[in-house]
$ cat final-v2.cif   # mmCIF, C-alpha atoms
data_upload
#
loop_
_atom_site.label_atom_id
_atom_site.label_comp_id
_atom_site.auth_asym_id
_atom_site.auth_seq_id
_atom_site.Cartn_x
_atom_site.Cartn_y
_atom_site.Cartn_z
CA MET A 1 39.50 1.99 10.24
CA SER A 2 35.83 1.92 9.39
CA ASP A 3 33.27 0.43 11.78
CA ALA A 4 30.96 -0.45 8.93
CA VAL A 5 30.40 -4.16 8.36
CA SER A 6 30.52 -5.09 4.73
CA PRO A 7 27.86 -7.41 3.41
CA PRO A 8 29.23 -10.93 3.03
CA ASP A 9 30.45 -12.00 -0.37
CA GLY A 10 29.55 -15.36 -1.95
CA ASP A 11 31.62 -17.59 0.36
CA GLY A 12 30.87 -15.30 3.29
CA SER A 13 27.15 -15.80 2.77
CA ALA A 14 27.56 -19.56 2.88
CA ARG A 15 29.59 -19.30 6.08
CA LEU A 16 27.02 -16.95 7.59
CA ALA A 17 24.23 -19.39 6.73
CA SER A 18 26.22 -22.21 8.27
CA LEU A 19 26.84 -20.26 11.48
CA THR A 20 23.17 -19.30 11.69
CA HIS A 21 22.29 -22.96 11.34
CA MET A 22 24.76 -23.91 14.09
CA ILE A 23 23.42 -21.27 16.48
CA GLY A 24 19.86 -22.35 15.78
CA ARG A 25 20.76 -25.97 16.44
CA LEU A 26 22.45 -25.17 19.73
CA SER A 27 19.43 -23.24 20.96
CA ARG A 28 16.91 -25.88 20.03
CA PRO A 29 15.54 -28.15 22.78
CA PRO A 30 16.32 -31.86 22.39
CA ASP A 31 14.08 -33.82 20.05
CA PRO A 32 11.10 -35.25 21.90
CA GLY A 33 11.36 -38.99 22.16
CA SER A 34 14.99 -38.98 21.17
CA SER A 35 17.50 -41.17 22.87
CA PRO A 36 20.51 -39.48 24.48
CA GLY A 37 23.56 -38.97 22.35
CA LEU A 38 21.46 -39.18 19.22
CA ARG A 39 20.35 -36.19 17.24
CA SER A 40 18.20 -36.08 14.16
CA LEU A 41 19.33 -34.48 10.95
CA PRO A 42 17.11 -33.53 8.04
CA GLY A 43 17.67 -35.41 4.79
CA GLY A 44 20.18 -34.25 2.24
CA ALA A 45 23.94 -34.19 2.12
CA GLY A 46 23.92 -30.46 2.90
CA ALA A 47 22.79 -31.14 6.47
CA LEU A 48 25.58 -33.65 6.87
CA LEU A 49 28.17 -31.20 5.59
CA ASP A 50 26.80 -28.58 8.00
CA GLU A 51 27.63 -31.07 10.74
CA VAL A 52 31.20 -31.34 9.45
CA ASP A 53 31.34 -27.56 9.18
CA ALA A 54 30.39 -27.27 12.85
CA THR A 55 33.22 -29.53 14.05
CA VAL A 56 36.45 -28.04 15.33
CA MET A 57 37.81 -30.62 17.78
CA ALA A 58 38.49 -34.05 16.32
CA ARG A 59 35.56 -36.42 16.58
CA ARG A 60 33.88 -39.29 14.82
CA LEU A 61 30.36 -38.83 13.49
CA LEU A 62 28.25 -41.97 13.20
CA ILE A 63 25.34 -41.33 10.88
CA ARG A 64 22.47 -43.70 10.20
CA ASN A 65 19.96 -43.20 7.39
CA GLN A 66 16.36 -44.38 7.08
CA SER A 67 17.44 -47.66 5.50
CA GLY A 68 19.59 -48.48 8.49
CA ASN A 69 22.86 -47.96 6.62
CA GLU A 70 25.67 -46.42 8.59
CA LEU A 71 28.32 -43.92 7.67
CA ALA A 72 31.29 -43.02 9.83
CA LEU A 73 33.19 -39.79 9.30
CA GLU A 74 36.23 -38.55 11.13
CA VAL A 75 36.37 -34.81 11.20
CA ARG A 76 38.71 -32.19 12.57
CA GLY A 77 38.96 -28.45 12.06
CA ARG A 78 35.91 -28.39 9.78
CA ARG A 79 37.66 -30.81 7.43
CA LEU A 80 36.81 -34.40 6.60
CA LEU A 81 39.79 -36.66 7.27
CA TRP A 82 38.37 -40.14 6.79
CA ALA A 83 35.14 -41.83 5.76
CA ASP A 84 33.64 -45.27 5.90
CA ILE A 85 30.76 -45.42 3.48
CA ALA A 86 29.16 -48.26 1.61
CA GLY A 87 28.29 -48.05 -2.04
CA LEU A 88 31.36 -46.52 -3.61
CA PRO A 89 31.97 -47.79 -7.15
CA GLU A 90 34.49 -50.61 -7.07
CA GLY A 91 37.44 -48.81 -8.64
CA ARG A 92 36.89 -45.78 -6.47
CA ALA A 93 36.43 -47.95 -3.44
CA ASP A 94 39.98 -49.20 -3.97
CA ALA A 95 41.21 -45.64 -4.14
CA LEU A 96 39.64 -44.92 -0.79
CA GLY A 97 40.37 -48.32 0.67
CA ALA A 98 37.25 -50.43 0.10
CA GLY A 99 34.96 -47.57 0.92
CA ARG A 100 37.07 -46.17 3.67
CA GLY A 101 40.26 -44.27 3.64
CA THR A 102 42.15 -41.10 4.10
CA LEU A 103 40.78 -38.41 1.88
CA THR A 104 43.79 -36.14 2.17
CA TYR A 105 45.27 -37.12 -1.13
CA ALA A 106 42.04 -38.03 -2.89
CA GLY A 107 42.03 -36.86 -6.47
CA ALA A 108 39.14 -35.19 -8.23
CA GLY A 109 37.79 -38.53 -9.47
CA ASP A 110 37.86 -40.02 -5.98
CA LEU A 111 36.07 -37.00 -4.58
CA GLU A 112 33.38 -37.31 -7.22
CA ALA A 113 32.85 -40.97 -6.34
CA PHE A 114 32.76 -40.13 -2.66
CA ALA A 115 30.30 -37.28 -3.22
CA ALA A 116 28.04 -39.56 -5.27
CA ALA A 117 28.05 -42.19 -2.54
CA LEU A 118 27.39 -39.51 0.08
CA ALA A 119 24.46 -38.07 -1.87
CA ALA A 120 22.98 -41.55 -2.38
CA PHE A 121 23.31 -42.22 1.34
CA CYS A 122 21.46 -39.00 2.16
CA THR A 123 18.56 -39.34 -0.28
CA ASP A 124 16.78 -41.66 2.13
CA GLY A 125 15.19 -38.91 4.21
CA GLY A 126 16.08 -37.89 7.75
CA MET A 127 19.15 -39.25 9.48
CA THR A 128 20.42 -39.64 13.00
CA VAL A 129 23.88 -38.63 14.10
CA ARG A 130 25.95 -39.55 17.13
CA ALA A 131 29.33 -38.02 17.93
CA THR A 132 32.06 -40.04 19.59
CA PRO A 133 35.77 -39.47 20.19
CA PRO A 134 37.90 -40.19 17.12
CA VAL A 135 39.05 -43.76 16.73
CA ARG A 136 41.83 -43.29 14.19
CA GLU A 137 45.07 -41.71 15.06
CA SER A 138 45.45 -39.06 12.41
CA SER A 139 48.71 -37.25 11.97
CA LEU A 140 48.84 -33.48 11.97
CA GLU A 141 50.01 -33.69 8.36
CA GLU A 142 46.62 -34.95 7.31
CA THR A 143 44.76 -31.97 6.00
CA GLY A 144 41.65 -33.77 4.84
CA VAL A 145 39.11 -32.20 2.53
CA SER A 146 37.44 -28.90 3.29
CA VAL A 147 33.68 -28.57 3.49
CA ALA A 148 33.76 -26.07 0.63
CA THR A 149 35.46 -28.64 -1.62
CA LEU A 150 32.94 -31.28 -0.64
CA ARG A 151 30.03 -28.92 -1.31
CA HIS A 152 31.48 -28.21 -4.72
CA ALA A 153 31.84 -31.92 -5.50
CA LEU A 154 28.29 -32.55 -4.33
CA ALA A 155 26.84 -29.77 -6.43
CA GLY A 156 28.10 -31.56 -9.52
CA ILE A 157 26.24 -34.78 -8.86
CA GLN A 158 23.11 -33.70 -6.95
CA THR A 159 20.96 -33.63 -10.06
CA GLN A 160 21.42 -37.38 -10.46
CA PHE A 161 19.23 -37.87 -7.40
CA ASP A 162 16.38 -35.58 -8.31
CA ASP A 163 14.30 -38.56 -9.45
CA THR A 164 14.29 -40.27 -6.05
CA PRO A 165 10.88 -41.90 -5.59
CA THR A 166 8.57 -39.86 -3.41
CA LEU A 167 5.18 -40.50 -1.90
CA GLU A 168 2.27 -39.47 -4.06
CA GLY A 169 -0.22 -38.48 -1.42
CA PRO A 170 -0.43 -38.32 2.35
CA LEU A 171 1.80 -40.77 4.20
CA LEU A 172 -0.96 -42.76 5.89
CA GLN A 173 -3.00 -43.05 2.70
CA VAL A 174 -0.08 -44.43 0.70
CA PHE A 175 0.91 -46.70 3.58
CA LEU A 176 -2.61 -48.09 3.78
CA GLU A 177 -2.66 -48.82 0.05
CA ARG A 178 0.62 -50.71 0.39
CA CYS A 179 -0.42 -52.91 3.26
CA ALA A 180 -4.11 -53.35 2.41
CA PRO A 181 -3.73 -57.07 1.56
CA LEU A 182 -2.49 -57.71 5.12
CA VAL A 183 -5.23 -55.78 6.90
CA ARG A 184 -8.49 -57.32 8.18
CA ALA A 185 -10.11 -53.96 8.94
CA TRP A 186 -9.02 -50.34 9.02
CA VAL A 187 -10.33 -46.94 9.98
CA ALA A 188 -8.65 -43.65 9.04
CA ARG A 189 -9.18 -40.07 10.05
CA PRO A 190 -7.22 -37.48 8.09
CA ALA A 191 -6.66 -34.20 9.93
CA GLY A 192 -9.81 -32.14 9.51
CA GLY A 193 -11.43 -34.88 7.44
CA SER A 194 -14.11 -37.42 8.10
CA VAL A 195 -13.61 -40.96 9.32
CA THR A 196 -13.52 -43.69 6.69
CA GLY A 197 -12.96 -47.41 7.01
CA ASP A 198 -13.35 -50.84 5.53
CA GLY A 199 -13.18 -54.49 6.55
CA ALA A 200 -14.79 -56.80 9.07
CA GLU A 201 -18.00 -55.08 10.15
CA ASP A 202 -17.99 -56.38 13.71
CA ILE A 203 -14.78 -54.55 14.55
CA LEU A 204 -15.15 -51.35 12.52
CA PRO A 205 -17.13 -49.41 15.17
CA GLY A 206 -14.59 -50.25 17.86
CA LEU A 207 -11.73 -49.23 15.60
CA GLY A 208 -13.45 -45.90 15.00
CA ASP A 209 -13.78 -45.39 18.75
CA ILE A 210 -10.15 -45.97 19.57
CA LEU A 211 -8.97 -43.74 16.73
CA ILE A 212 -9.95 -40.79 18.90
CA SER A 213 -8.83 -42.07 22.28
CA ALA A 214 -5.65 -44.01 21.41
CA GLU A 215 -3.40 -41.00 21.86
CA ASP A 216 -4.62 -40.59 25.45
CA VAL A 217 -3.16 -44.02 26.18
CA LEU A 218 -0.38 -44.67 23.70
CA PRO A 219 2.71 -42.51 23.11
CA ILE A 220 1.83 -41.43 19.58
CA ALA A 221 0.99 -37.76 20.01
CA GLN A 222 4.60 -36.56 19.84
CA PRO A 223 5.94 -34.86 16.71
CA GLY A 224 6.85 -37.08 13.79
CA PRO A 225 5.30 -40.26 12.47
CA HIS A 226 4.68 -42.94 15.06
CA ALA A 227 3.55 -46.54 14.74
CA ILE A 228 2.44 -48.89 17.48
CA ILE A 229 1.41 -52.49 17.05
CA LEU A 230 -0.13 -54.25 20.02
CA GLN A 231 -0.21 -58.04 19.91
CA THR A 232 -2.61 -60.16 21.90
CA ALA A 233 -1.84 -63.59 23.28
CA GLY A 234 -4.49 -64.89 20.85
CA GLY A 235 -2.57 -63.83 17.73
CA ASP A 236 -4.52 -60.69 16.83
CA ALA A 237 -2.75 -57.39 16.43
CA LEU A 238 -3.97 -53.83 16.59
CA GLY A 239 -1.94 -51.19 14.76
CA VAL A 240 -2.23 -47.47 15.40
CA PHE A 241 -0.37 -45.08 13.11
CA ALA A 242 -0.01 -41.32 13.42
CA ASP A 243 1.44 -38.68 11.17
CA ASN A 244 0.93 -35.23 12.66
CA ASP A 245 -2.85 -35.10 13.11
CA ASP A 246 -3.65 -37.90 10.68
CA ARG A 247 -4.61 -41.19 12.31
CA LEU A 248 -5.02 -44.75 11.09
CA ALA A 249 -6.01 -47.82 13.08
CA MET A 250 -6.04 -51.36 11.74
CA VAL A 251 -6.48 -54.96 12.79
CA LEU A 252 -4.18 -57.59 11.38
CA ASP A 253 -2.80 -61.02 12.15
CA ALA A 254 0.16 -60.91 14.49
CA ASP A 255 2.14 -62.94 11.95
CA ASP A 256 1.91 -60.02 9.53
CA GLN A 257 3.08 -57.27 11.85
CA GLU A 258 6.72 -57.32 10.77
CA ALA A 259 5.68 -57.09 7.12
CA VAL A 260 3.41 -54.14 7.91
CA LEU A 261 6.15 -52.36 9.82
CA SER A 262 8.55 -52.97 6.98
CA ARG A 263 6.11 -51.24 4.60
CA TRP A 264 5.74 -48.40 7.09
CA SER A 265 9.53 -47.92 7.09
CA GLY A 266 9.52 -48.00 3.30
CA CYS A 267 6.92 -45.25 3.12
CA LEU A 268 8.83 -43.14 5.64
CA ALA A 269 11.99 -43.50 3.61
CA MET A 270 10.17 -42.23 0.54
CA CYS A 271 8.67 -39.21 2.22
CA GLY A 272 11.86 -38.25 4.06
CA THR A 273 10.15 -37.48 7.31
CA GLY A 274 13.04 -38.55 9.48
CA SER A 275 11.15 -41.26 11.18
CA THR A 276 11.58 -44.96 11.93
CA MET B 1 21.96 -68.64 31.48
CA THR B 2 21.21 -65.93 34.03
CA LEU B 3 18.95 -62.98 33.29
CA VAL B 4 21.93 -60.65 33.17
CA GLU B 5 23.58 -62.93 30.64
CA GLN B 6 20.36 -63.02 28.60
CA LEU B 7 20.14 -59.23 28.53
CA THR B 8 23.80 -58.98 27.62
CA ARG B 9 23.19 -61.40 24.80
CA LEU B 10 20.21 -59.38 23.52
CA HIS B 11 22.22 -56.16 23.63
CA ARG B 12 25.18 -57.78 21.89
CA ASP B 13 23.42 -59.93 19.30
CA ILE B 14 20.50 -57.85 18.07
CA PRO B 15 21.80 -55.46 15.39
CA GLY B 16 21.18 -51.83 16.33
CA CYS B 17 20.20 -52.68 19.91
CA ARG B 18 21.00 -49.82 22.28
CA ALA B 19 19.39 -51.17 25.43
CA ALA B 20 17.90 -54.35 26.81
CA VAL B 21 15.95 -53.79 30.00
CA PHE B 22 14.03 -56.08 32.33
CA GLY B 23 11.55 -54.43 34.63
CA ASP B 24 8.35 -54.58 36.61
CA MET B 25 5.66 -52.40 35.04
CA GLU B 26 3.39 -52.52 38.07
CA ALA B 27 6.11 -51.34 40.43
CA GLY B 28 7.60 -49.05 37.78
CA THR B 29 11.03 -50.46 38.58
CA VAL B 30 13.86 -51.38 36.27
CA LEU B 31 15.34 -54.57 37.66
CA ARG B 32 18.21 -55.25 35.25
CA ALA B 33 19.60 -53.48 32.18
CA CYS B 34 22.35 -53.88 29.65
CA ALA B 35 22.80 -50.85 27.42
CA ASP B 36 25.14 -48.59 25.52
CA ALA B 37 27.39 -46.58 27.79
CA ASP B 38 25.72 -43.26 27.00
CA LEU B 39 22.34 -44.39 28.29
CA ARG B 40 21.45 -43.61 31.90
CA GLN B 41 19.01 -44.90 34.49
CA GLU B 42 16.46 -42.23 33.45
CA ASP B 43 16.52 -43.63 29.92
CA HIS B 44 15.80 -47.13 31.22
CA ASP B 45 12.98 -45.72 33.36
CA ALA B 46 11.54 -43.94 30.31
CA LEU B 47 11.70 -47.18 28.31
CA LEU B 48 9.83 -49.03 31.05
CA ALA B 49 7.21 -46.24 31.19
CA GLU B 50 6.62 -46.65 27.45
CA ALA B 51 6.26 -50.40 27.95
CA SER B 52 3.66 -49.72 30.64
CA ALA B 53 1.73 -47.42 28.29
CA CYS B 54 1.79 -49.95 25.46
CA LEU B 55 1.06 -53.12 27.46
CA GLY B 56 -0.85 -51.74 30.45
CA PRO B 57 -4.54 -51.68 31.34
CA GLY B 58 -5.25 -48.61 29.17
CA ALA B 59 -3.99 -50.38 26.06
CA GLU B 60 -5.91 -53.53 26.98
CA ARG B 61 -9.09 -51.44 27.24
CA LEU B 62 -8.44 -50.22 23.68
CA LEU B 63 -8.31 -53.82 22.55
CA ALA B 64 -11.52 -54.63 24.41
CA ARG B 65 -13.27 -51.80 22.58
CA VAL B 66 -12.15 -53.19 19.23
CA PHE B 67 -12.71 -56.88 19.81
CA GLY B 68 -15.51 -56.67 22.35
CA GLN B 69 -15.46 -57.55 26.02
CA GLY B 70 -15.25 -61.32 26.02
CA ALA B 71 -15.23 -63.74 28.88
CA THR B 72 -11.50 -63.21 29.32
CA PRO B 73 -9.77 -59.87 29.16
CA HIS B 74 -7.68 -59.14 26.11
CA ARG B 75 -4.21 -59.90 27.32
CA LEU B 76 -1.44 -58.03 25.51
CA SER B 77 1.70 -60.06 25.05
CA GLN B 78 3.88 -57.79 22.95
CA ALA B 79 4.03 -54.25 21.62
CA ILE B 80 6.22 -52.57 19.05
CA LEU B 81 6.67 -48.81 19.08
CA ALA B 82 8.31 -47.20 16.05
CA ALA B 83 9.16 -43.60 16.94
CA PRO B 84 11.20 -41.17 14.87
CA LEU B 85 14.55 -41.97 16.48
CA GLN B 86 14.12 -45.39 17.95
CA THR B 87 12.13 -48.58 17.67
CA CYS B 88 11.18 -50.40 20.85
CA VAL B 89 9.92 -53.93 21.36
CA PHE B 90 8.21 -54.82 24.63
CA LEU B 91 7.42 -58.40 25.59
CA ARG B 92 5.73 -59.63 28.76
CA SER B 93 8.01 -62.04 30.51
CA GLY B 94 8.15 -64.45 33.38
CA THR B 95 5.45 -65.74 35.61
CA THR B 96 5.06 -62.58 37.68
CA GLU B 97 2.38 -60.17 36.47
CA GLY B 98 3.90 -57.01 35.12
CA GLU B 99 7.37 -58.26 34.26
CA VAL B 100 8.53 -57.11 30.86
CA ILE B 101 11.59 -57.26 28.63
CA CYS B 102 12.20 -54.08 26.63
CA VAL B 103 14.68 -53.53 23.85
CA SER B 104 15.44 -50.19 22.27
CA LEU B 105 16.82 -50.26 18.75
CA ASP B 106 18.14 -47.58 16.46
CA ALA B 107 15.41 -46.31 14.16
CA GLY B 108 15.23 -48.23 10.91
CA THR B 109 16.69 -51.42 12.37
CA THR B 110 15.06 -54.48 10.88
CA LEU B 111 12.84 -56.34 13.32
CA GLU B 112 13.28 -59.68 11.63
CA GLY B 113 14.03 -62.26 14.29
CA VAL B 114 13.90 -59.81 17.20
CA GLY B 115 10.52 -61.05 18.44
CA ALA B 116 11.65 -64.68 18.29
CA THR B 117 14.84 -63.87 20.21
CA LEU B 118 12.89 -62.04 22.89
CA ARG B 119 10.38 -64.86 23.25
CA GLU B 120 13.25 -67.29 23.71
CA VAL B 121 14.58 -65.15 26.56
CA ALA B 122 11.10 -64.80 28.07
CA ARG B 123 10.61 -68.56 28.02
CA ALA B 124 13.94 -69.08 29.73
CA ASP B 125 12.82 -66.69 32.46
CA GLU B 126 9.69 -68.69 33.27
#
$ encode --input "final-v2.cif" --output "structure tokens"
Amino acid sequence: MSDAVSPPDGDGSARLASLTHMIGRLSRPPDPGSSPGLRSLPGGAGALLDEVDATVMARRLLIRNQSGNELALEVRGRRLLWADIAGLPEGRADALGAGRGTLTYAGAGDLEAFAAALAAFCTDGGMTVRATPPVRESSLEETGVSVATLRHALAGIQTQFDDTPTLEGPLLQVFLERCAPLVRAWVARPAGGSVTGDGAEDILPGLGDILISAEDVLPIAQPGPHAIILQTAGGDALGVFADNDDRLAMVLDADDQEAVLSRWSGCLAMCGTGST
Amino acid sequence: MTLVEQLTRLHRDIPGCRAAVFGDMEAGTVLRACADADLRQEDHDALLAEASACLGPGAERLLARVFGQGATPHRLSQAILAAPLQTCVFLRSGTTEGEVICVSLDAGTTLEGVGATLREVARADE
């Protein structure tokens, strides 16, 4: 018997890449600022299938995307047994039980519908995943669908999502353009760039000051985009936004803060940064 | 309705809510909490520490630098922190200085109505 290790073939390469990903994930420290039990996943259905591929013992994966939609998968032995996903076409939804069902006997058409819904779910940018014990009682006869089959089904429909809207420009710049009508004054400092601002002149100098010192006080210096809105008893609000080393500070009416945060979430969803 | 019942209601009724915590920022002490089973005391402590950073004297000094030092200090009533994996809302509560209600929500959860619900609880605590 030879001791030589043959280079992996096509499927072997995919498995090797998956194992490398799993080892890398296990050795990574927890995400800063994450809450226990929650892990972040990069955008894209591939990352989700890697999660299925890494599952041997039965468990339920609860995945939430940037839009707040949830997906539940029951997985065992690196095979998907059951899914609860919104957005399946109506006819296909019936086949899988109104968006949920046992995939064991799913035909090719059902798999295509499921893959399309899965890809649409994952186009929203980063996701979070939480693993819990399985809820369903699956019989040993259920074989589910292998990851390889799911990857194949996904490959056929991925191109439909290539035109997902994306940010045209730095996150904070696009965000500022979108919420400008709600802002009384703003000051921005792109990483390595100069400070710019506009709005009420009596508060611009102060806004410029705190742009530098805010991260000494507020928890915004961690990785990933962060937003903080402080509201005074008098109805004013101060927003501080960070994306890596880019900074933006603004003053707005407290009544507008939810609208501003909604636009922030919208921008994050478009840039797929795995934030809020 | 008791405070524990109020926190239970927040945790149960706000979509995506993982924890509702009542604490004293000045003492750095969590007084009551209602949260998902996988969250521990350290997580509640961390949530209270973030509330202290966002509503404490340092943050109020930031406000004073923006709006100027008026006759009365700029009192912060509420803060929202949107981090990559969670969104937190902190609201000063009660008549005792430093008391705060904190809720931690899954990232991406809509905040519509959350502030109003928290203010209702805070008023009931006064």
$ interface_residues --input "final-v2.cif" --of "chain B" --to "chain A" --cutoff "7 Å" --atoms "only C-alpha atoms" --output "list of chain:residue names"
B:Asp38, B:Leu39, B:Ala53, B:Cys54, B:Gly58, B:Ala59, B:Leu62, B:Arg65, B:Val66, B:Phe67, B:His74, B:Arg75, B:Leu76, B:Ser77, B:Gln78, B:Ala79, B:Ile80, B:Leu81, B:Ala82, B:Ala83, B:Pro84, B:Leu85, B:Gln86, B:Thr87, B:Ala107, B:Gly108, B:Thr109, B:Leu111
$ closest_residue --input "final-v2.cif" --among "A:Leu81, A:Leu118, A:Leu171, A:Val147" --to "Glu51 (chain A)" --atoms "only C-alpha atoms"
A:Val147
$ closest_residue --input "final-v2.cif" --among "B:Cys102, B:Leu10, B:Ala124, B:Ala64" --to "Ser52 (chain B)" --atoms "only C-alpha atoms"
B:Cys102
$ atom_distance --input "final-v2.cif" --atom1 "CA of Ala119 (chain A)" --atom2 "CA of Arg60 (chain A)"
19.2 Å
$ closest_residue --input "final-v2.cif" --among "A:Ala131, A:Glu201, A:Ala54, A:Val195" --to "Ala72 (chain A)" --atoms "all atoms listed in the file"
A:Ala131
$ closest_residue --input "final-v2.cif" --among "A:Ala242, A:Cys267, A:Leu150, A:Ala221" --to "Phe175 (chain A)" --atoms "all atoms listed in the file"
A:Cys267
$ residues_around --input "final-v2.cif" --residues "region 176-178 of chain A" --least-positions-apart "2" --cutoff "10 Å" --atoms "all atoms listed in the file" --output "MDAnalysis selection string"
chainID A and resid 171:174 180:183 186:188 248:250 260 263:264 266:267
$ residues_around --input "final-v2.cif" --residues "Arg12 (chain B)" --least-positions-apart "5" --cutoff "12 Å" --atoms "all atoms listed in the file" --output "ChimeraX atom specification"
/B:5-7,17-20,34-36,103,105
$ atom_distance --input "final-v2.cif" --atom1 "CA of Arg59 (chain A)" --atom2 "CA of Pro134 (chain A)"
4.5 Å
$ atom_distance --input "final-v2.cif" --atom1 "CA of Ala33 (chain B)" --atom2 "CA of Glu99 (chain B)"
13.3 Å
